[in-house]
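Here the structure comes first, spelled out in structure tokens, and everything after it is commentary.
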Amino acid sequence: MAAEGPLHVLLQGIVLVCAAYLGTVYVLFLGLIAVGAVESAVRARERRAERYDVLATSRFTIPVSVIVPAYNEEVVILPVVRSLLALEYPEFEVIVVNDGSRDRTLELLEREFRLIPREVFFRRVLACEPVRAIYRSAVDPRLTVVDKGNGGKADALNCGINLARYRYLCCVDGDTVYVRDALLKGMRLAVRDPATVLGVTSHVAISRRPEAAAAAEPGPARPDRSLLTSFQHLDYLRAFFNNRLAWSRWGFMLCAVGAFAIWRRDVVRDLGGFSRAFTCEDIELTFRVHERHLRERRPCQVLCLPDTVGTTEGPDRVSRLVSQRARWQRVITETVWHSPATGRWGSSASPTTSSGRSWRRSSRPSRSRRSRWHGVWACSGGARSACCSGSLRSNGILTTVAIRLQDAGCYEQLEKPSASRREIGGRESAL
Amino acid sequence: MCLWTGLSGLTLVERALHDRRWAPVRDALARLRDPALHTLPAAERARRVDALLAPLGARTLDRVAADSAVPGWAAETVAAHLVRRGAVERLARSASAHRGAAAKWRRVAALRILVRARHGRALELLERALADPDREVVGAAVGLLGMLDERRAARLLLGALTGGTYAPSRVATALDHFPVPILDLIRPLLRHPAPVARFWGATLLARYRETPGLDAELAPLVRDPDPGVRKAAVETLGLVGGPEAAPSARALLGDPVWYVRAHAARALGDLRRRDLAAAVTPLLADREWWVRLAAKETLEAMGPAVWPDVVPYLSHADRFARNGAAEVLQNLGLLDTWIVEAARGLAPPERLQVLRQAAGAGEAGLLGALRERVEPGFRQAVDQLVAELGFQRAGEG
């Protein structure tokens, strides 16, 4: 037997490191699955014990402003808005923000809901592109449509928040059709402890034709027959049920997804709204909410439901799917890179993925200088502030180990002083 | 790879087993829907139901009876069957205490079954659950107490409300939906030393708005030191009405706390009295956005007859007041009507002056909205009028 050369030893070392790394990752995944299963069981039991009939008609259920940013959504916008207006919830408003669509989105809404232009003088608490017109529906007074210049999803959401009148916001996507009890299921957790539960998110299914989901009979839904869509559906299930539920239980939710995120309005306003500097504003806001509350030592929970609250449209081609996933990973990295929550200890890479966002046509490019980074697993300040995410590059080789020093500059710009907490003061304690 | 394949296989097997376990339950529930069964005398119906459900295991039936997704009638039938089957002792044991997470949810399920079966021991066990340190058990107990039609259950809920045992809004929800009237139990809350109790006392009275004299009971609360209580009192006064409602709400229009002023304005709107418009219009110039919004919505709710009170605010020194007045006139449809009249040459000179002021107050966006709203046939005439009146300067305001 020949003596082992240095190359052989080196290769052996690399294999051992890779094996140890993979072992760690699998153990982590198994742990997440176990915790996710426990969280799912707890939530399911809670749900079985809840009196939804009473909650759905209670005048003490906190009203919600549903904000729907829409950009070139002519194919699905009508079923989406119909599904939102059909939500079973005592009091809510739907604000559709047409983000400078170049298709017939606004025209279809005008025709279907008999929109009447109104001049409404609203507070410009959050910066956004100029509003061209505001419409109210003559068919359903709960519907407001805002027509504004294109500025991306975050800009559209900020515009909707300026017009929102209720204490809770439900930020949804313009291409997702929602189930009737989506809001009730989400707000159930928020009203239980409004002082602590700042956000609630949930799971959405994927389909090539989400509008078909609205017309489907109640009961278990059939999965889409397209291979690519089924793959995405499974991937969403995995991301939500394996990861998010565990994160929800541990109190470090990575992302309240853009397709369905309930937020306490004063929290979003105090943080200066959604950041227009990041492409995936949902992850970025979730990070900032955690960061601010941890820093100020205030109680904070962003919870995830185990329920499917709607059906969204997924990429219909492999190339688009790859581009979508690459973008998600890039913005996670951007967000962690810029987040003061990651502290001085920096970020290290982990080949996990996250999913759940479907705003993929934002016209505003990311301004990050560090888009070359592909994955992170950021931990800081103990387990509660740890946020997990990351990626594996398409060639399967982990490429990124990022160490960074604290760089909170860009966050300070986003946080604007606001007196909005007073709006909730005096009533929060009573609830 | 083997691990993931194994887990996937396990998931599929588990799903198949679940479907197999639940097939007889689905079948039994379908048979329970039989209309003929519901026409039978009670004893005969119980005998048939018992025969139908006898083959099913007790744990399966527990899950059916405790599941809020199962229709009420079916869950109650199954719960009653479980009681007849002699499961009371077992359920009472589970419902009395718990140790560990799994036992906690078994406890909640047992409580639910006993409540659905209207069993005599349910109340005593719920009282014990209400005192449990676990918040989820307390939450379940609150919801279940609201299903019982016994006044003692209402007293327990009121105790939870005043004692801060659980989220007051959830306890109040249970009280607001309580199956029997409990007005006499709520009234003492109005004089309770804790502000949160007075707040909910005033709020819960709205359910009994038909009862005469409630306004007189609520009126003293508009002078309460706690702003939350004043807000609740005026909100309920708006719903209840009565001779004390309007003076009390008017008194709160100048309250130092903004949300009290906003609710006072809305309460006056709920009373639907046009003569109160003059009291609300000063709030168009309030320093708080929410109060201005409430004033605008109240004036709109009072109807087009409020315009004489609103028009002076078109020339108010405060820009928000001018804007608000223009918005109210627009939302009432008055500006559309007036501008078309003016375009036809039917408007008196003072109306033209009001339109000029409205355009200035409403700024550029108002003109855009107006132009879009008028019938297409009139747009040219409206454009001409806009130019004649010098509306093009409106955007500079």
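For the structure tokens, the naming scheme is as follows: chains receive sequential letters (A, B, ...) according to their order of presentation, residues are indexed from 1 within each chain, and ligands are indexed from 1 in presentation order.
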
> Counting only C-alpha atoms, what is within 9 Å of Pro195 of chain B, bar same-chain residues fewer than 4 positions away, as a PyMOL selection string?
Replying inline: (chain A and resi 430) or (chain B and resi 199-200+224-226+228-229)

Those same residues - N, CA and C atoms - I'd like them written as a tab-separated table (two decimals), in the first residue's frame.
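And here's out-v7.tsv as it stands now:
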chain	number	residue	atom	x	y	z
A	430	ALA	N	-56.94	48.60	26.86
A	430	ALA	CA	-58.33	48.18	27.03
A	430	ALA	C	-58.62	46.90	26.26
B	199	PHE	N	-65.02	50.77	30.91
B	199	PHE	CA	-64.93	50.83	29.44
B	199	PHE	C	-65.79	49.73	28.82
B	200	TRP	N	-65.59	48.51	29.30
B	200	TRP	CA	-66.33	47.40	28.69
B	200	TRP	C	-67.80	47.40	29.10
B	224	ASP	N	-65.93	60.95	32.88
B	224	ASP	CA	-65.00	60.01	33.52
B	224	ASP	C	-63.55	60.50	33.35
B	225	PRO	N	-62.71	60.32	34.37
B	225	PRO	CA	-61.31	60.77	34.20
B	225	PRO	C	-60.55	59.95	33.15
B	226	ASP	N	-61.01	58.74	32.85
B	226	ASP	CA	-60.28	57.90	31.89
B	226	ASP	C	-60.81	58.17	30.47
B	228	GLY	N	-60.50	56.48	27.74
B	228	GLY	CA	-61.05	55.28	27.12
B	228	GLY	C	-62.51	55.09	27.50
B	229	VAL	N	-62.82	55.38	28.76
B	229	VAL	CA	-64.21	55.24	29.23
B	229	VAL	C	-65.09	56.29	28.57

>> Show me, as a PyMOL selection string, every residue of chain A with an atom at most 9 Å from chain B, counting only C-alpha atoms.
In response: chain A and resi 42+45-52+54-55+58-61+116-123+132-135+165+191-193+423+426-427+429-431

>> I need the alpha helix (DSSP H) residues of segment 283-377 of chain B per DSSP on the backbone, written as JSON, numbers by chain.
In response: {"B": [289, 290, 291, 292, 293, 294, 295, 296, 297, 298, 299, 300, 301, 302, 307, 308, 309, 310, 319, 320, 321, 322, 323, 324, 325, 326, 327, 328, 329, 330, 331, 334, 335, 336, 337, 338, 339, 340, 341, 342, 343, 349, 350, 351, 352, 353, 354, 355, 356, 357, 358, 359, 360, 361, 362, 363, 364, 365, 366, 367, 368, 369, 370, 371, 372, 373]}

Would you save the residues of that selection, restricted to C-alpha atoms, as a short mmCIF file (atom, residue, chain, number, x, y, z; two decimals), in the first residue's frame?
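For reference, part_26.cif as written:
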data_model
loop_
_atom_site.label_atom_id
_atom_site.label_comp_id
_atom_site.auth_asym_id
_atom_site.auth_seq_id
_atom_site.Cartn_x
_atom_site.Cartn_y
_atom_site.Cartn_z
CA TRP B 289 -56.03 63.71 11.12
CA TRP B 290 -58.33 61.12 12.67
CA VAL B 291 -60.64 63.76 14.10
CA ARG B 292 -60.82 65.58 10.76
CA LEU B 293 -61.64 62.29 9.05
CA ALA B 294 -64.36 61.55 11.62
CA ALA B 295 -65.83 65.04 11.12
CA LYS B 296 -65.89 64.62 7.35
CA GLU B 297 -67.54 61.22 7.54
CA THR B 298 -70.07 62.44 10.09
CA LEU B 299 -71.06 65.40 7.93
CA GLU B 300 -71.39 63.13 4.92
CA ALA B 301 -73.57 60.76 6.95
CA MET B 302 -75.84 63.67 7.90
CA TRP B 307 -73.98 72.34 3.09
CA PRO B 308 -74.83 75.74 4.63
CA ASP B 309 -72.71 74.79 7.66
CA VAL B 310 -69.85 73.47 5.53
CA ARG B 319 -55.71 74.50 4.68
CA PHE B 320 -56.93 71.14 6.02
CA ALA B 321 -60.29 72.67 6.97
CA ARG B 322 -60.69 74.11 3.44
CA ASN B 323 -59.72 70.77 1.92
CA GLY B 324 -62.06 68.89 4.23
CA ALA B 325 -65.01 71.13 3.43
CA ALA B 326 -64.42 70.72 -0.32
CA GLU B 327 -64.16 66.95 0.12
CA VAL B 328 -67.43 66.79 2.05
CA LEU B 329 -69.25 68.78 -0.62
CA GLN B 330 -67.75 66.59 -3.29
CA ASN B 331 -68.59 63.32 -1.57
CA LEU B 334 -73.17 68.68 -4.38
CA LEU B 335 -70.20 70.01 -6.33
CA ASP B 336 -71.06 67.81 -9.32
CA THR B 337 -74.63 69.05 -9.30
CA TRP B 338 -73.69 72.68 -8.83
CA ILE B 339 -71.04 72.70 -11.51
CA VAL B 340 -73.41 71.19 -14.06
CA GLU B 341 -76.02 73.79 -13.07
CA ALA B 342 -73.45 76.51 -13.49
CA ALA B 343 -72.40 75.15 -16.88
CA PRO B 349 -73.89 84.34 -8.61
CA GLU B 350 -73.34 83.34 -4.98
CA ARG B 351 -73.21 79.68 -6.05
CA LEU B 352 -70.47 80.54 -8.54
CA GLN B 353 -68.56 82.13 -5.70
CA VAL B 354 -68.93 78.94 -3.65
CA LEU B 355 -67.66 76.91 -6.60
CA ARG B 356 -64.66 79.17 -6.95
CA GLN B 357 -63.88 78.77 -3.26
CA ALA B 358 -64.36 75.00 -3.48
CA ALA B 359 -61.96 74.71 -6.39
CA GLY B 360 -59.38 76.74 -4.52
CA ALA B 361 -59.86 74.73 -1.35
CA GLY B 362 -59.96 71.37 -3.09
CA GLU B 363 -56.83 72.10 -5.10
CA ALA B 364 -55.89 70.60 -8.42
CA GLY B 365 -56.95 67.02 -7.71
CA LEU B 366 -60.50 68.08 -6.98
CA LEU B 367 -60.89 69.55 -10.45
CA GLY B 368 -59.56 66.37 -12.02
CA ALA B 369 -62.02 64.25 -10.03
CA LEU B 370 -64.89 66.62 -10.79
CA ARG B 371 -64.19 66.68 -14.49
CA GLU B 372 -64.03 62.91 -14.64
CA ARG B 373 -67.26 62.49 -12.69
#

> Could you work out how far atom CA of Ile113 of chain B lies from atom CA of Leu61 of chain B, giving the answer in Å with one decimal?
Replying inline: 9.8 Å

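Reported to one decimal place, the separation of atom CA of Leu303 of chain A from atom CA of Val197 of chain A is 7.3 Å.
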
> Can you tell me, as an NGL selection string, what residues are no more than 12 Å from Arg45 of chain B when counting only C-alpha atoms, ignoring any on the same chain fewer than 6 positions away?
Replying inline: :B and (32 or 34-39 or 51-52 or 77 or 80-81)

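You will find atom CA of Asp215 of chain B at 9.8 Å from atom CA of Ala246 of chain B.
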